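Q: protein01.txt is reproduced in full below (compact mmCIF, C-alpha atoms and all ligand atoms).
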```txt
# COMPACT_ATOMS: atom_id res chain seq x y z
CA MET A 1 8.07 15.30 -1.79
CA SER A 2 11.46 14.90 -3.42
CA GLN A 3 12.66 11.33 -3.78
CA TRP A 4 15.87 9.82 -2.53
CA ALA A 5 18.70 10.00 -5.10
CA LEU A 6 20.17 6.60 -6.06
CA PRO A 7 23.82 6.33 -4.96
CA PRO A 8 26.40 4.96 -7.48
CA LYS A 9 27.01 1.68 -5.60
CA LEU A 10 23.44 0.88 -4.65
CA HIS A 11 22.86 -2.10 -2.36
CA SER A 12 26.49 -3.06 -1.81
CA THR A 13 26.11 -3.73 1.94
CA THR A 14 23.43 -5.11 4.24
CA GLU A 15 22.72 -4.83 7.94
CA GLY A 16 20.14 -6.10 10.42
CA GLY A 17 17.04 -3.93 10.59
CA PRO A 18 13.46 -4.03 11.89
CA ILE A 19 11.03 -6.56 10.40
CA CYS A 20 9.26 -5.60 7.16
CA PHE A 21 5.50 -5.61 6.41
CA HIS A 22 5.54 -9.12 4.98
CA CYS A 23 5.32 -11.79 7.66
CA ASP A 24 7.12 -14.51 5.64
CA HIS A 25 10.26 -12.39 5.77
CA SER A 26 10.76 -12.60 9.53
CA ILE A 27 10.44 -16.40 9.67
CA GLY A 28 13.69 -17.80 11.03
CA SER A 29 14.83 -14.50 12.49
CA LYS A 30 16.17 -15.27 15.95
CA ASP A 31 17.05 -11.74 17.03
CA GLY A 32 13.91 -10.02 15.67
CA LEU A 33 15.96 -8.41 12.91
CA ILE A 34 15.88 -9.01 9.16
CA PRO A 35 18.55 -8.26 6.53
CA ARG A 36 18.15 -4.82 4.99
CA TYR A 37 20.31 -2.87 2.55
CA THR A 38 22.31 -0.23 4.40
CA ASP A 39 21.69 2.61 1.96
CA SER A 40 18.03 2.28 0.86
CA HIS A 41 16.88 0.40 4.02
CA ALA A 42 14.96 -1.94 1.70
CA CYS A 43 14.27 -5.48 2.93
CA VAL A 44 16.63 -7.84 1.07
CA ARG A 45 13.88 -10.46 0.64
CA CYS A 46 11.36 -7.91 -0.59
CA ILE A 47 13.84 -6.80 -3.26
CA SER A 48 14.31 -10.38 -4.45
CA SER A 49 10.55 -10.94 -4.69
CA LEU A 50 10.33 -7.71 -6.66
CA THR A 51 13.00 -9.05 -9.01
CA GLU A 52 10.89 -12.16 -9.49
CA GLY A 53 7.80 -10.06 -10.12
CA ARG A 54 5.82 -11.29 -7.14
CA LEU A 55 2.96 -9.14 -5.94
CA ALA A 56 0.93 -9.58 -2.74
CA LEU A 57 -2.35 -7.96 -1.81
CA ASP A 58 -3.36 -10.22 1.03
CA VAL A 59 -3.80 -9.01 4.60
CA HIS A 60 -2.88 -12.46 5.90
CA LYS A 61 0.59 -12.08 4.39
CA ILE A 62 1.11 -8.87 6.34
CA GLU A 63 2.95 -8.87 9.66
CA LYS A 64 0.38 -8.83 12.50
CA LYS A 65 1.43 -5.50 13.94
CA TYR A 66 0.90 -3.80 10.56
CA ARG A 67 -2.45 -5.35 9.63
CA ARG A 68 -4.62 -2.57 11.01
CA ARG A 69 -2.50 0.05 9.24
CA PHE A 70 -2.71 -2.00 6.04
CA LEU A 71 -6.53 -2.18 6.18
CA GLU A 72 -6.83 1.47 7.10
CA PHE A 73 -4.63 2.37 4.15
CA TRP A 74 -6.62 0.33 1.61
CA SER A 75 -9.90 1.68 3.03
CA PHE A 76 -8.89 4.98 1.45
CA VAL A 77 -8.03 3.58 -1.96
CA GLU A 78 -10.74 3.40 -4.59
CA ILE A 79 -9.87 -0.11 -5.71
CA ARG A 80 -10.89 -0.48 -9.36
CA GLY A 81 -10.13 -2.96 -12.13
CA PRO A 82 -6.55 -4.18 -12.67
CA GLU A 83 -6.03 -1.93 -15.70
CA GLU A 84 -7.52 1.21 -14.20
CA CYS A 85 -6.02 3.86 -11.94
CA TRP A 86 -6.82 3.49 -8.24
CA PRO A 87 -7.44 6.97 -6.81
CA TRP A 88 -6.43 7.89 -3.28
CA ARG A 89 -9.41 9.07 -1.20
CA GLY A 90 -7.43 9.86 1.94
CA LYS A 91 -5.52 12.97 2.91
CA TYR A 92 -3.77 15.40 0.55
CA HIS A 93 -1.35 18.25 1.20
CA SER A 94 -3.43 21.21 0.15
CA ARG A 95 -0.64 23.22 -1.49
CA SER A 96 1.04 20.50 -3.55
CA ASN A 97 -2.04 18.29 -4.03
CA SER A 98 0.08 15.29 -3.10
CA SER A 99 -1.35 12.37 -1.19
CA TYR A 100 -0.06 11.24 2.19
CA PHE A 101 -0.60 8.55 4.78
CA ALA A 102 0.84 8.45 8.31
CA MET A 103 3.47 5.74 8.45
CA PRO A 104 6.57 6.37 10.57
CA ARG A 105 9.62 4.43 9.36
CA HIS A 106 12.79 3.52 11.20
CA TRP A 107 15.32 5.38 9.04
CA GLY A 108 14.20 8.95 9.43
CA SER A 109 12.06 11.48 11.19
CA GLY A 110 9.39 11.58 8.44
CA ARG A 111 6.05 10.47 9.85
CA GLN A 112 4.08 10.34 6.63
CA TYR A 113 4.69 9.17 3.09
CA SER A 114 2.90 9.46 -0.24
CA ALA A 115 0.01 7.03 -0.77
CA PRO A 116 1.64 5.36 -3.83
CA ARG A 117 4.79 4.69 -1.79
CA CYS A 118 2.71 3.01 0.93
CA ALA A 119 0.90 1.05 -1.81
CA VAL A 120 4.28 -0.21 -3.10
CA TRP A 121 5.40 -1.18 0.43
CA PHE A 122 2.21 -3.15 1.01
CA THR A 123 2.17 -4.94 -2.35
CA TRP A 124 5.55 -5.21 -4.10
CA GLY A 125 7.42 -5.06 -0.79
CA ASP A 126 9.34 -2.94 1.64
CA ILE A 127 11.59 -1.11 -0.80
CA GLY A 128 12.63 1.40 1.86
CA ARG A 129 13.29 4.77 0.30
CA LEU A 130 14.06 3.64 -3.26
CA PRO A 131 12.50 6.08 -5.74
CA ILE A 132 9.24 5.05 -7.42
CA LYS A 133 7.51 6.10 -10.63
CA ALA A 134 3.86 6.02 -11.69
CA VAL A 135 3.88 4.73 -15.28
CA CYS A 136 0.31 5.99 -15.79
CA GLY A 137 1.46 9.53 -15.06
CA ASP A 138 -0.86 9.99 -12.07
CA ASN A 139 1.37 10.66 -9.07
CA ASN A 140 -1.38 9.74 -6.60
CA CYS A 141 -2.39 6.45 -8.24
CA CYS A 142 -2.25 3.41 -5.90
CA ASN A 143 -2.67 0.59 -8.45
CA PRO A 144 0.45 -1.53 -7.87
CA LEU A 145 0.56 -2.46 -11.57
CA HIS A 146 0.99 1.24 -12.40
CA LEU A 147 3.91 1.66 -9.99
CA ARG A 148 7.56 0.90 -10.75
CA VAL A 149 10.50 0.87 -8.38
CA LYS A 150 13.67 2.48 -9.66
CA GLY A 151 17.20 1.16 -9.19
CA VAL A 152 16.42 -2.57 -9.05
CA PRO A 153 15.35 -5.08 -11.72
CA HIS A 154 11.59 -5.24 -11.69
CA PHE A 155 10.15 -7.93 -13.91
CA PHE A 156 6.73 -7.75 -15.43
CA HIS A 157 6.91 -10.70 -17.81
CA ASN A 158 4.15 -12.51 -15.90
CA ARG A 159 1.99 -9.42 -15.92
CA HIS A 160 -0.96 -11.31 -17.37
CA LEU A 161 -1.00 -13.71 -14.44
CA GLN A 162 -0.72 -10.82 -12.03
CA THR A 163 -3.71 -9.15 -13.63
CA VAL A 164 -5.82 -12.26 -13.19
CA ASP A 165 -4.68 -12.59 -9.59
CA LEU A 166 -5.11 -8.89 -8.91
CA GLU A 167 -8.75 -8.99 -9.99
CA PHE A 168 -9.42 -11.73 -7.44
CA SER A 169 -7.28 -10.36 -4.62
CA SER A 170 -8.47 -6.78 -5.02
CA ASN A 171 -12.10 -7.90 -4.66
CA LYS A 172 -11.09 -9.74 -1.51
CA LEU A 173 -9.24 -6.70 -0.23
CA THR A 174 -12.26 -4.47 -0.84
CA HIS A 175 -14.30 -6.88 1.23
CA GLU A 176 -11.69 -6.99 4.01
CA THR A 177 -11.49 -3.21 4.27
CA GLN A 178 -15.29 -3.12 4.40
CA LEU A 179 -15.26 -5.53 7.36
CA PHE A 180 -12.48 -3.53 8.97
CA LEU A 181 -14.50 -0.30 8.71
CA GLU A 182 -17.66 -1.97 10.05
CA THR A 183 -15.83 -3.58 12.99
CA THR A 184 -14.02 -0.35 13.88
CA HIS A 185 -17.33 1.53 13.62
CA ASP A 186 -18.98 -0.88 16.10
CA LYS A 187 -16.13 -1.70 18.45
CA ASP A 188 -13.88 1.35 18.50
CA PRO A 189 -15.95 4.49 17.79
CA LYS A 190 -13.08 6.80 18.78
CA ARG A 191 -10.72 5.34 16.22
CA PHE A 192 -13.50 5.25 13.66
CA LYS A 193 -14.10 8.98 14.10
CA LYS A 194 -10.41 9.59 13.44
CA ILE A 195 -10.51 7.51 10.26
CA GLN A 196 -13.71 9.19 9.15
CA ALA A 197 -12.17 12.64 9.69
CA ALA A 198 -9.79 12.09 6.75
CA ASN A 199 -12.65 11.96 4.21
CA ARG A 200 -16.10 11.66 5.68
CA MET A 201 -17.95 11.38 2.38
CA TRP A 202 -15.82 8.52 1.17
CA ILE A 203 -15.95 6.56 4.44
CA ASP A 204 -19.71 7.02 4.76
CA PHE A 205 -20.10 5.88 1.18
CA ARG A 206 -17.94 2.80 1.87
CA LEU A 207 -20.01 1.93 4.94
CA ALA A 208 -23.31 2.40 3.18
CA ALA A 209 -22.29 0.07 0.37
CA ASP A 210 -23.72 -3.38 0.88
CA GLY A 211 -21.03 -5.95 0.19
CA PRO A 212 -17.90 -5.49 -1.91
CA LEU A 213 -17.79 -2.47 -4.19
CA SER A 214 -17.47 -3.21 -7.84
CA PRO A 215 -15.73 -0.70 -10.10
CA SER A 216 -19.00 -0.21 -12.00
CA ILE A 217 -20.88 0.81 -8.84
CA ILE A 218 -18.20 3.39 -8.12
CA LYS A 219 -18.37 4.68 -11.70
CA GLU A 220 -22.15 5.06 -11.36
CA LYS A 221 -21.64 6.85 -8.07
CA ASN A 222 -19.09 9.22 -9.61
CA LYS A 223 -21.53 10.18 -12.37
CA ASN A 224 -24.14 11.34 -9.86
ZN ZN B 301 10.50 -8.03 3.27
ZN ZN B 302 -2.58 4.67 -12.47
```
Turn the structure described in the file into C-alpha cells.
Ligand SMILES: [Zn+2]
Ligand SMILES: [Zn+2]

A:
Amino acid sequence: MSQWALPPKLHSTTEGGPICFHCDHSIGSKDGLIPRYTDSHACVRCISSLTEGRLALDVHKIEKKYRRRFLEFWSFVEIRGPEECWPWRGKYHSRSNSSYFAMPRHWGSGRQYSAPRCAVWFTWGDIGRLPIKAVCGDNNCCNPLHLRVKGVPHFFHNRHLQTVDLEFSSNKLTHETQLFLETTHDKDPKRFKKIQAANRMWIDFRLAADGPLSPSIIKEKNKN
C-alpha cells in the first residue's frame, strides 16, 4: 500500500472531525466533534501527545465504541518483549505479503489498513494518514517502539521509561485480549468463528494458553 505524500504546508489548518480512538480527547466536546488537521485528518491532541512522546496501550483509555476492535486487533499481535519485533498473526494480502486489518476511516473509501498503521493509531495516537516507518525494517511489525510517524516531531528521549511501562502494559494487554477471546468464544460464537477464520492456529493457540503468554512460551512454541 503506497503511503500518503506529505504536502509542503503540513498541518496548517484544522477542522472538526469525528472522535479519535483515545477517550480523553473527546472530553469537553459539545458537538461530538474533535479538532483534526484538514490535510492528514490526524487528531490535533494525538499529534501533541506524540510530540511529547506519550504512548498508551491501555484498553480503558480507548473510546468505548472502539474497544472491541482494539482487543480484536491486539488478539492477532504476537506481543513480545519491548525490544523485540511483534509479528502480526492476522490477515495478509497474499500477493504483496502485507498485513491488513479491517478498519474503515472517515476520510476515504479504504476499509482496511496495514497492521502497523492500526498499531500506531491505537498506541501513539490517531495520526490519520501520515506516513509511518518501521525502524526495525520489518514492514509488518506491530511493536509501537519500532514504529515512527513521519512529518511531525516524535520524541523518544524518555524511551527508557516507555520500555519499562511497555513491559507492564503489554503483559496486561495480553491478558485482556485473552479474556476478550474467551468471552467472545462463550457469549458470541458467531463472532468468534469470524475472528478464528483469520488464523485458526493462532487463535486456538491463544485460547489453549493458560493465563498471559510470556515471550519465552511463544519462543518455545515456535521452536516446535
Ligand atoms: Zn486523539
Ligand atoms: Zn520490529

Q: Rank nothing, just name the residue among A:Ile34, A:Ala5, A:Met201, A:Cys46 nearest to A:Arg89, using all atoms listed in the file.

A: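 Using all atoms listed in the file, A:Arg89 sits closest to A:Met201.
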
Q: Please measure the separation of atom CA of A:Pro35 and atom CA of A:Gly16, giving the value in Å to one decimal.

A: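 These atoms are spaced 4.7 Å apart.
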
Q: For ligand ZN 302 (chain B), return the neighbouring residues as a PyMOL selection string (distance at most 10 Å; all atoms listed in the file).

A: chain A and resi 82-87+116+134-147

Q: Please measure the separation of atom CA of A:Val59 and atom CA of A:Ser40, giving the value in Å to one decimal.

A: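 Going from atom CA of A:Val59 over to atom CA of A:Ser40, I get 24.9 Å.
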
Q: Would you list the residues that come within 7 Å of ligand ZN 301 (chain B)? Count only C-alpha atoms and all ligand atoms and give the answer as a ChimeraX atom specification.

A: /A:20-22,25,43-46,125-126

Q: Have a look at A:Ser49, A:Gln112, A:Ser26, A:Gln196 and name the one nearest to A:His93; count all atoms listed in the file.

A: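 Closest to A:His93 of all the choices is A:Gln112.
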
Q: With a distance cut-off of 9 Å and only C-alpha atoms, select the neighbouring residues of A:Ile195, excluding the residue or stretch itself and same-chain residues fewer than 6 positions from it, and output the selection as a list in words.

A: Glu72, Leu181 and Ile203 of chain A

Q: To one decimal in Å, tell me the separation between atom CA of A:Asn171 and atom CA of A:Trp74.

A: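 If I compute the distance from atom CA of A:Asn171 to atom CA of A:Trp74, I get 11.7 Å.
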
Q: Using all atoms listed in the file, which of A:Leu10, A:Ile127, A:Ala115, A:Val149 sits nearest A:Ser75?

A: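 Smallest separation from A:Ser75 among the options: A:Ala115.
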
Q: Find the residue from A:Ser170, A:Ser29, A:Thr38, A:Ser109 that sits nearest to A:Glu15; use all atoms listed in the file when measuring.

A: A:Thr38

Q: Counting only C-alpha atoms, which residue out of A:Phe168, A:Trp124, A:Phe73, A:Phe192 sits closest to A:Trp88?

A: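 Answer, going by the shortest atom-to-atom distance: A:Phe73.
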
Q: Quick one: everything within 7 Å of A:His154, counting only C-alpha atoms, minus sequence neighbours fewer than 4 positions away in the same chain. Send it as a compact mmCIF listing (two decimals) with C-alpha atoms, in the frame of the given file.

A:
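Result file is out_26.txt:
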```
# COMPACT_ATOMS: atom_id res chain seq x y z
CA LEU A 50 10.33 -7.71 -6.66
CA THR A 51 13.00 -9.05 -9.01
CA GLY A 53 7.80 -10.06 -10.12
```

Q: Would you mind telling me which residue in A:Lys150, A:Tyr37, A:Leu55, A:Glu167 lies nearest to A:Trp107 when using all atoms listed in the file?

A: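 Of the candidates, the smallest distance to A:Trp107 is held by A:Tyr37.
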
Q: I want to know what sits within 9 Å of A:Met103, based on all atoms listed in the file, with residues of the same chain fewer than 2 positions away left out; could you give that as a list in words?

A: Arg69, Phe101, Arg105, Gly110, Arg111, Gln112, Tyr113 and Cys118 of chain A

Q: Now that the selection is made, can you save its residues with C-alpha atoms as a compact mmCIF listing (two decimals), keeping the file's coordinate frame?

A:
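The result, stored in selection-v4.txt:
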```
# COMPACT_ATOMS: atom_id res chain seq x y z
CA ARG A 69 -2.50 0.05 9.24
CA PHE A 101 -0.60 8.55 4.78
CA ARG A 105 9.62 4.43 9.36
CA GLY A 110 9.39 11.58 8.44
CA ARG A 111 6.05 10.47 9.85
CA GLN A 112 4.08 10.34 6.63
CA TYR A 113 4.69 9.17 3.09
CA CYS A 118 2.71 3.01 0.93
```

Q: Within 6 Å of (-4.1, -10.3, -3.2) (coordinates as in the file), grab all the protein and nucleic acid residues, counting only C-alpha atoms, and write them out as a PDB file with C-alpha atoms, in the coordinates of the input.

A:
```
ATOM      1  CA  ALA A  56       0.930  -9.580  -2.740  1.00  0.00           C
ATOM      2  CA  LEU A  57      -2.350  -7.960  -1.810  1.00  0.00           C
ATOM      3  CA  ASP A  58      -3.360 -10.220   1.030  1.00  0.00           C
ATOM      4  CA  LEU A 166      -5.110  -8.890  -8.910  1.00  0.00           C
ATOM      5  CA  SER A 169      -7.280 -10.360  -4.620  1.00  0.00           C
ATOM      6  CA  SER A 170      -8.470  -6.780  -5.020  1.00  0.00           C
TER       7      SER A 170
END
```

Q: Mind completing stretch 80-92 of chain A with N, CA, C and O atoms? Output as a PDB file, keeping the file's coordinate frame, please?

A:
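To be explicit, this is the file written out as out_19.pdb:
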```pdb
ATOM      1  N   ARG A  80     -10.154  -0.269  -8.100  1.00  0.00           N
ATOM      2  CA  ARG A  80     -10.890  -0.480  -9.360  1.00  0.00           C
ATOM      3  C   ARG A  80     -10.345  -1.706 -10.068  1.00  0.00           C
ATOM      4  O   ARG A  80      -9.641  -2.511  -9.475  1.00  0.00           O
ATOM      5  N   GLY A  81     -10.627  -1.820 -11.337  1.00  0.00           N
ATOM      6  CA  GLY A  81     -10.130  -2.960 -12.130  1.00  0.00           C
ATOM      7  C   GLY A  81      -8.617  -2.915 -12.251  1.00  0.00           C
ATOM      8  O   GLY A  81      -8.001  -1.870 -12.053  1.00  0.00           O
ATOM      9  N   PRO A  82      -8.013  -4.075 -12.605  1.00  0.00           N
ATOM     10  CA  PRO A  82      -6.550  -4.180 -12.670  1.00  0.00           C
ATOM     11  C   PRO A  82      -5.906  -3.206 -13.660  1.00  0.00           C
ATOM     12  O   PRO A  82      -4.752  -2.830 -13.473  1.00  0.00           O
ATOM     13  N   GLU A  83      -6.633  -2.813 -14.694  1.00  0.00           N
ATOM     14  CA  GLU A  83      -6.030  -1.930 -15.700  1.00  0.00           C
ATOM     15  C   GLU A  83      -6.265  -0.456 -15.392  1.00  0.00           C
ATOM     16  O   GLU A  83      -5.661   0.416 -16.011  1.00  0.00           O
ATOM     17  N   GLU A  84      -7.154  -0.177 -14.474  1.00  0.00           N
ATOM     18  CA  GLU A  84      -7.520   1.210 -14.200  1.00  0.00           C
ATOM     19  C   GLU A  84      -6.647   1.834 -13.116  1.00  0.00           C
ATOM     20  O   GLU A  84      -6.008   1.129 -12.351  1.00  0.00           O
ATOM     21  N   CYS A  85      -6.690   3.176 -13.030  1.00  0.00           N
ATOM     22  CA  CYS A  85      -6.020   3.860 -11.940  1.00  0.00           C
ATOM     23  C   CYS A  85      -6.834   3.704 -10.661  1.00  0.00           C
ATOM     24  O   CYS A  85      -8.060   3.632 -10.717  1.00  0.00           O
ATOM     25  N   TRP A  86      -6.164   3.619  -9.535  1.00  0.00           N
ATOM     26  CA  TRP A  86      -6.820   3.490  -8.240  1.00  0.00           C
ATOM     27  C   TRP A  86      -6.630   4.788  -7.455  1.00  0.00           C
ATOM     28  O   TRP A  86      -5.585   4.979  -6.833  1.00  0.00           O
ATOM     29  N   PRO A  87      -7.614   5.672  -7.464  1.00  0.00           N
ATOM     30  CA  PRO A  87      -7.440   6.970  -6.810  1.00  0.00           C
ATOM     31  C   PRO A  87      -7.341   6.871  -5.285  1.00  0.00           C
ATOM     32  O   PRO A  87      -7.953   6.001  -4.671  1.00  0.00           O
ATOM     33  N   TRP A  88      -6.588   7.782  -4.730  1.00  0.00           N
ATOM     34  CA  TRP A  88      -6.430   7.890  -3.280  1.00  0.00           C
ATOM     35  C   TRP A  88      -7.534   8.797  -2.743  1.00  0.00           C
ATOM     36  O   TRP A  88      -7.696   9.912  -3.212  1.00  0.00           O
ATOM     37  N   ARG A  89      -8.316   8.292  -1.781  1.00  0.00           N
ATOM     38  CA  ARG A  89      -9.410   9.070  -1.200  1.00  0.00           C
ATOM     39  C   ARG A  89      -9.096   9.514   0.227  1.00  0.00           C
ATOM     40  O   ARG A  89      -9.994   9.915   0.966  1.00  0.00           O
ATOM     41  N   GLY A  90      -7.832   9.408   0.609  1.00  0.00           N
ATOM     42  CA  GLY A  90      -7.430   9.860   1.940  1.00  0.00           C
ATOM     43  C   GLY A  90      -6.934  11.294   1.912  1.00  0.00           C
ATOM     44  O   GLY A  90      -7.414  12.106   1.129  1.00  0.00           O
ATOM     45  N   LYS A  91      -5.952  11.581   2.753  1.00  0.00           N
ATOM     46  CA  LYS A  91      -5.520  12.970   2.910  1.00  0.00           C
ATOM     47  C   LYS A  91      -4.559  13.432   1.813  1.00  0.00           C
ATOM     48  O   LYS A  91      -3.782  12.648   1.279  1.00  0.00           O
ATOM     49  N   TYR A  92      -4.648  14.749   1.526  1.00  0.00           N
ATOM     50  CA  TYR A  92      -3.770  15.400   0.550  1.00  0.00           C
ATOM     51  C   TYR A  92      -3.159  16.646   1.181  1.00  0.00           C
ATOM     52  O   TYR A  92      -3.828  17.331   1.954  1.00  0.00           O
TER      53      TYR A  92
END
```
